[in-house]
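Below is coords_35.cif, holding mmCIF, C-alpha atoms and all ligand atoms.
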```cif
data_entry
loop_
_atom_site.label_atom_id
_atom_site.label_comp_id
_atom_site.auth_asym_id
_atom_site.auth_seq_id
_atom_site.Cartn_x
_atom_site.Cartn_y
_atom_site.Cartn_z
CA MET A 238 10.44 -12.06 0.63
CA GLU A 239 11.72 -14.44 3.28
CA ALA A 240 12.40 -11.92 6.08
CA LEU A 241 8.83 -10.62 5.76
CA HIS A 242 7.31 -14.12 5.66
CA LYS A 243 9.25 -15.00 8.83
CA LYS A 244 8.10 -11.84 10.60
CA ILE A 245 4.46 -12.50 9.66
CA ARG A 246 4.72 -16.12 10.84
CA GLU A 247 6.33 -15.14 14.13
CA GLU A 248 4.60 -11.87 15.00
CA GLY A 249 1.43 -11.69 12.89
CA ILE A 250 -1.85 -12.34 14.68
CA VAL A 251 -4.75 -13.85 12.75
CA LEU A 252 -7.83 -12.00 13.98
CA SER A 253 -10.28 -13.83 11.70
CA ASP A 254 -10.33 -15.67 8.36
CA GLN A 255 -10.20 -12.21 6.75
CA VAL A 256 -7.96 -10.05 8.93
CA LEU A 257 -4.28 -10.26 9.81
CA LYS A 258 -2.92 -8.00 12.54
CA VAL A 259 0.68 -6.88 12.05
CA ASP A 260 0.88 -4.05 14.56
CA ALA A 261 4.13 -5.41 16.02
CA PHE A 262 6.13 -4.34 12.94
CA LEU A 263 4.02 -2.43 10.39
CA ASN A 264 0.74 -0.91 11.58
CA HIS A 265 1.56 0.50 15.01
CA GLN A 266 5.06 -0.37 16.18
CA ILE A 267 7.33 -0.22 13.11
CA ASP A 268 10.46 -2.30 12.44
CA PRO A 269 12.78 0.16 10.64
CA ALA A 270 15.27 -2.52 9.50
CA LEU A 271 12.47 -4.56 7.93
CA MET A 272 11.05 -1.40 6.33
CA GLN A 273 14.47 -0.74 4.80
CA LEU A 274 14.61 -4.26 3.33
CA ILE A 275 11.09 -3.75 1.95
CA GLY A 276 12.02 -0.37 0.45
CA ASN A 277 15.13 -1.82 -1.16
CA GLU A 278 13.12 -4.69 -2.64
CA PHE A 279 10.49 -2.39 -4.17
CA ALA A 280 13.23 -0.08 -5.46
CA THR A 281 14.96 -3.02 -7.17
CA LEU A 282 11.72 -4.31 -8.68
CA PHE A 283 10.80 -0.89 -10.12
CA ALA A 284 14.34 0.38 -10.84
CA ASP A 285 13.77 0.55 -14.60
CA SER A 286 10.22 1.93 -14.52
CA GLY A 287 11.05 5.63 -14.70
CA ILE A 288 9.39 6.40 -11.35
CA THR A 289 9.24 10.12 -10.47
CA LYS A 290 6.91 9.96 -7.43
CA ILE A 291 5.65 7.47 -4.90
CA VAL A 292 2.05 7.72 -3.72
CA THR A 293 0.67 6.01 -0.62
CA ILE A 294 -2.17 6.52 1.83
CA GLU A 295 -1.87 7.54 5.46
CA ALA A 296 -0.89 6.17 7.86
CA SER A 297 0.39 2.62 7.45
CA GLY A 298 1.66 2.96 3.89
CA ILE A 299 4.02 5.77 4.82
CA ALA A 300 6.85 3.72 6.37
CA PRO A 301 7.42 1.33 3.43
CA ALA A 302 6.83 4.19 0.96
CA ILE A 303 9.47 6.40 2.60
CA MET A 304 12.09 3.67 2.47
CA THR A 305 11.30 3.00 -1.20
CA GLY A 306 11.48 6.72 -2.01
CA LEU A 307 14.81 6.99 -0.21
CA LYS A 308 16.29 4.18 -2.29
CA LEU A 309 14.82 5.40 -5.60
CA GLY A 310 15.65 9.04 -4.81
CA VAL A 311 12.12 10.33 -5.45
CA PRO A 312 9.56 12.20 -3.30
CA VAL A 313 6.79 10.39 -1.43
CA ILE A 314 3.23 11.74 -1.28
CA PHE A 315 0.70 10.34 1.15
CA ALA A 316 -2.98 10.81 0.39
CA ARG A 317 -4.61 12.48 3.36
CA LYS A 318 -7.75 11.16 4.95
CA HIS A 319 -8.65 14.30 6.85
CA GLN A 320 -9.22 17.75 5.48
CA SER A 321 -6.62 20.17 6.80
CA LEU A 322 -6.95 23.94 7.04
CA THR A 323 -3.59 24.20 5.30
CA LEU A 324 -4.85 22.26 2.27
CA THR A 325 -6.62 25.17 0.64
CA GLU A 326 -6.35 24.49 -3.10
CA ASN A 327 -8.70 22.36 -5.21
CA LEU A 328 -7.78 18.86 -4.19
CA LEU A 329 -7.61 15.70 -6.25
CA SER A 330 -9.82 13.31 -4.29
CA ALA A 331 -11.60 9.97 -4.28
CA THR A 332 -13.80 8.08 -1.87
CA VAL A 333 -12.56 4.85 -0.34
CA TYR A 334 -14.39 2.24 1.69
CA SER A 335 -12.09 1.16 4.51
CA PHE A 336 -11.75 -2.61 4.86
CA THR A 337 -10.70 -2.48 8.51
CA LYS A 338 -12.79 0.46 9.71
CA GLN A 339 -15.85 -0.31 7.53
CA VAL A 340 -16.57 3.35 6.83
CA GLU A 341 -16.37 5.39 3.65
CA SER A 342 -13.96 8.30 3.65
CA THR A 343 -12.47 10.79 1.22
CA VAL A 344 -8.75 10.75 0.50
CA ALA A 345 -7.03 13.69 -1.15
CA ILE A 346 -3.78 14.91 -2.67
CA SER A 347 -2.85 18.45 -3.60
CA PRO A 348 -2.40 18.96 -7.36
CA ARG A 349 0.74 20.96 -6.51
CA HIS A 350 2.58 17.71 -5.85
CA LEU A 351 1.28 15.52 -8.67
CA THR A 352 1.32 16.58 -12.31
CA SER A 353 0.84 15.07 -15.76
CA SER A 354 4.59 14.54 -16.15
CA ASP A 355 4.73 12.17 -13.17
CA ARG A 356 5.15 8.42 -13.41
CA VAL A 357 3.89 7.00 -10.13
CA LEU A 358 4.59 3.94 -8.03
CA ILE A 359 1.77 3.22 -5.56
CA ILE A 360 2.87 1.64 -2.28
CA ASP A 361 0.54 0.27 0.41
CA ASP A 362 0.74 -1.98 3.44
CA PHE A 363 -2.13 -4.34 2.53
CA LEU A 364 -4.11 -5.25 -0.57
CA ALA A 365 -7.49 -6.74 0.28
CA ASN A 366 -10.44 -5.79 -1.94
CA GLY A 367 -8.43 -3.06 -3.63
CA ARG A 368 -10.54 -0.07 -2.61
CA ALA A 369 -7.53 1.95 -1.36
CA SER A 370 -5.50 1.14 -4.50
CA GLN A 371 -8.38 2.04 -6.81
CA ALA A 372 -8.87 5.38 -5.01
CA LEU A 373 -5.17 6.20 -5.45
CA ILE A 374 -5.29 5.21 -9.13
CA SER A 375 -8.29 7.52 -9.60
CA ILE A 376 -6.42 10.45 -7.99
CA ILE A 377 -3.30 9.82 -10.10
CA LYS A 378 -5.42 9.75 -13.27
CA GLN A 379 -7.15 13.01 -12.26
CA ALA A 380 -3.68 14.59 -12.19
CA GLY A 381 -3.03 13.23 -15.69
CA ALA A 382 -0.08 11.25 -14.34
CA SER A 383 0.64 7.61 -15.20
CA VAL A 384 0.69 4.57 -12.92
CA ALA A 385 3.88 2.50 -13.28
CA GLY A 386 2.69 -0.17 -10.89
CA LEU A 387 1.82 -1.07 -7.32
CA GLY A 388 4.10 -2.31 -4.56
CA ILE A 389 2.17 -4.10 -1.82
CA VAL A 390 3.73 -5.31 1.42
CA ILE A 391 1.06 -7.93 2.23
CA GLU A 392 -1.45 -9.13 -0.34
CA LYS A 393 -4.39 -11.24 0.79
CA SER A 394 -4.74 -13.16 -2.45
CA PHE A 395 -8.04 -14.73 -1.41
CA GLN A 396 -9.74 -11.33 -1.63
CA GLY A 397 -10.58 -9.62 -4.91
CA GLY A 398 -8.18 -6.67 -5.10
CA ARG A 399 -5.32 -8.39 -6.91
CA ALA A 400 -7.53 -9.98 -9.58
CA GLU A 401 -9.17 -6.63 -10.36
CA LEU A 402 -5.81 -4.84 -10.72
CA ASP A 403 -4.47 -7.69 -12.90
CA ALA A 404 -7.57 -7.45 -15.11
CA GLN A 405 -6.99 -3.69 -15.48
CA GLY A 406 -3.45 -4.42 -16.66
CA TYR A 407 -1.54 -2.93 -13.74
CA ARG A 408 1.78 -4.38 -12.60
CA VAL A 409 1.40 -5.53 -8.99
CA GLU A 410 4.41 -6.63 -6.93
CA SER A 411 3.48 -8.08 -3.53
CA LEU A 412 6.25 -9.06 -1.11
CA ALA A 413 4.06 -11.51 0.81
CA ARG A 414 1.06 -13.21 -0.78
CA VAL A 415 -1.29 -14.73 1.78
CA LYS A 416 -3.35 -17.59 0.39
CA SER A 417 -5.42 -18.22 3.50
CA LEU A 418 -5.90 -17.25 7.15
CA GLU A 419 -8.23 -20.14 7.86
CA GLY A 420 -7.96 -21.90 11.19
CA GLY A 421 -5.83 -19.06 12.52
CA VAL A 422 -2.90 -20.13 10.35
CA VAL A 423 -1.17 -17.95 7.76
CA THR A 424 -0.54 -19.84 4.51
CA PHE A 425 1.49 -18.19 1.76
CA LEU A 426 0.95 -18.54 -1.98
CA ASP A 427 4.64 -18.78 -2.82
P1 LIG B 501 -8.49 -2.70 0.43
O1 LIG B 501 -8.73 -1.25 0.18
O2 LIG B 501 -7.55 -3.33 -0.55
O3 LIG B 501 -9.78 -3.48 0.59
O4 LIG B 501 -7.81 -2.79 1.86
C1 LIG B 501 -6.53 -2.27 2.01
C2 LIG B 501 -6.45 -1.35 3.18
O5 LIG B 501 -7.18 -1.85 4.30
C3 LIG B 501 -5.00 -1.22 3.60
O6 LIG B 501 -4.58 0.11 3.37
C4 LIG B 501 -4.98 -1.59 5.07
O7 LIG B 501 -4.80 -0.44 5.83
C5 LIG B 501 -6.33 -2.16 5.37
N1 LIG B 501 -6.33 -3.65 5.52
C6 LIG B 501 -6.93 -4.54 4.68
N2 LIG B 501 -6.82 -5.78 5.13
C7 LIG B 501 -6.11 -5.71 6.27
C8 LIG B 501 -5.67 -6.70 7.23
O8 LIG B 501 -5.90 -7.92 7.12
N3 LIG B 501 -4.96 -6.22 8.29
C9 LIG B 501 -4.68 -4.91 8.46
N4 LIG B 501 -3.96 -4.57 9.53
N5 LIG B 501 -5.08 -3.95 7.59
C10 LIG B 501 -5.79 -4.35 6.51
#
```

Is it possible to give me this structure as structure tokens?
Amino acid sequence: MEALHKKIREEGIVLSDQVLKVDAFLNHQIDPALMQLIGNEFATLFADSGITKIVTIEASGIAPAIMTGLKLGVPVIFARKHQSLTLTENLLSATVYSFTKQVESTVAISPRHLTSSDRVLIIDDFLANGRASQALISIIKQAGASVAGLGIVIEKSFQGGRAELDAQGYRVESLARVKSLEGGVVTFLD
């Protein structure tokens, strides 16, 4: 997606060979027009997949997920990282090791919002080693729902997440595929 590639080239900051900072438009300050383009692109890619719900993980997946849900006309659920007093029912949950924070945490979704009749599109900001995606897949399976595919804003193709999802047979659509961050330079796969 050219507009996203351009934004990453111009405003992304390479923190190391492994980490790309995009807090100017995705992870802290958010560019709504770019999010709308991203949402439209995911909606087009998955238009014929029978999606009934979008699932993401708080906080950075929410903006692209909302725009996709708006275009597809389906609700968006974000898995919560912190237990809330208002979440009282038995939750669907999974543990996830955070790539950026390097801590393990539990993410959860209420079974009231996800049922066996749902066909789910997972949306997330980054795909690195795939821990967040695998946790969401586990939660969706616990609900008895099916996974239609994953829409990723930025995939770091040099890490293992994409290969694992491919091997499991999931459809993964990434709008920017980063081949390398070496030498402080972002190189794209295509
Ligand atoms: P994974 O679970 O696939 O290893 O990592 C994906 C999650 O870690 C994403 O939800 C994202 O929040 C975070 N993440 C992974 N790599 C990066 C990165 O290079 N930059 C930023 N800003 N977040 C990342």

Can you tell me, as a ChimeraX atom specification, what residues are no more than 10 Å from Ile346 in chain A when counting only C-alpha atoms, ignoring any on the same chain fewer than 6 positions away? /A:292,294,314-318,324,326-331,373,376-377,380

Taking all atoms of ligand LIG 501 (chain B) that the file lists, what box with edges along x, y and z, padded by 8 Å per side, do you get, with centre and edge lengths in Å to one decimal, as AutoDock Vina command-line options?
```
--center_x -6.9 --center_y -3.9 --center_z 4.5 --size_x 21.8 --size_y 24.0 --size_z 26.1
```

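Atom pair CA of Phe425 in chain A / CA of His242 in chain A: separated by 8.1 Å.
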
Wanna dump the chain A-ligand LIG 501 (chain B) contacts at 8 Å for me, each residue with its shortest atom pair and the distance in Å to one decimal, counting all atoms listed in the file, ordered by chain and number, as a Markdown table?
```
| residue | atom | partner | partner_atom | distance |
| --- | --- | --- | --- | --- |
| A:Gln255 | CA | B:LIG501 | O8 | 6.1 |
| A:Val256 | CA | B:LIG501 | O8 | 3.5 |
| A:Leu257 | CA | B:LIG501 | O8 | 3.9 |
| A:Lys258 | CA | B:LIG501 | N4 | 4.7 |
| A:Val259 | CA | B:LIG501 | N4 | 5.8 |
| A:Asp260 | CA | B:LIG501 | N4 | 7.0 |
| A:Asn264 | CA | B:LIG501 | N4 | 6.3 |
| A:Ile294 | CA | B:LIG501 | O6 | 7.0 |
| A:Ala296 | CA | B:LIG501 | O7 | 7.9 |
| A:Ser297 | CA | B:LIG501 | O7 | 6.2 |
| A:Gly298 | CA | B:LIG501 | O6 | 6.9 |
| A:Val333 | CA | B:LIG501 | O1 | 7.2 |
| A:Tyr334 | CA | B:LIG501 | O1 | 6.8 |
| A:Ser335 | CA | B:LIG501 | O5 | 5.8 |
| A:Phe336 | CA | B:LIG501 | O5 | 4.7 |
| A:Thr337 | CA | B:LIG501 | C5 | 5.4 |
| A:Asp361 | CA | B:LIG501 | O6 | 5.9 |
| A:Asp362 | CA | B:LIG501 | O6 | 5.7 |
| A:Phe363 | CA | B:LIG501 | C3 | 4.4 |
| A:Leu364 | CA | B:LIG501 | O2 | 3.9 |
| A:Ala365 | CA | B:LIG501 | O2 | 3.5 |
| A:Asn366 | CA | B:LIG501 | O3 | 3.5 |
| A:Gly367 | CA | B:LIG501 | O2 | 3.2 |
| A:Arg368 | CA | B:LIG501 | O1 | 3.5 |
| A:Ala369 | CA | B:LIG501 | O1 | 3.7 |
| A:Ser370 | CA | B:LIG501 | O1 | 6.2 |
| A:Gln371 | CA | B:LIG501 | O1 | 7.7 |
| A:Lys393 | CA | B:LIG501 | O8 | 7.3 |
| A:Gly398 | CA | B:LIG501 | O2 | 5.7 |
```

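The shortest atom-to-atom distance to Lys244 in chain A, with only C-alpha atoms taken into account, belongs to A:Leu271 out of A:Gln266, A:Leu309, A:Asp285, A:Leu271.
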
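Of the residues under consideration (A:Lys338, A:His265, A:Arg356, A:Lys416), A:Arg356 shows the shortest atom-to-atom contact distance to Pro312 in chain A when counting only C-alpha atoms.
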
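When CA of Ile360 in chain A is paired with CA of Met238 in chain A, their separation reads 15.9 Å.
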
So that I can see what lies close to Val423 in chain A, please list as an MDAnalysis selection string the residues with an atom at most 8 Å from it, counting only C-alpha atoms and leaving out residues fewer than 6 positions away in the same chain. chainID A and resid 246 251 415:417

Please, which residues are within 12 Å of (14.1, 7.5, -1.9) by the file's coordinates, counting all atoms listed in the file, and could they come as JSON, numbers by chain? {"A": [273, 276, 277, 279, 280, 281, 284, 288, 289, 290, 291, 300, 301, 302, 303, 304, 305, 306, 307, 308, 309, 310, 311, 312, 313, 314, 358]}

One-decimal distance in Å that lies between CA of Ser253 in chain A and CA of Asp427 in chain A: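 Pair CA of Asp427 in chain A / CA of Ser253 in chain A returns 21.4 Å.
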
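With distances taken over all atoms listed in the file, A:Ala382 is the one residue among A:Leu263, A:Ile374, A:Ala382, A:Leu426 lying closest to His350 in chain A.
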
Restricting the calculation to only C-alpha atoms: of A:Ala413, A:Val357, A:Leu402, A:Ile391, which residue gets closest to Phe283 in chain A?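 Nearest to Phe283 in chain A: A:Val357.
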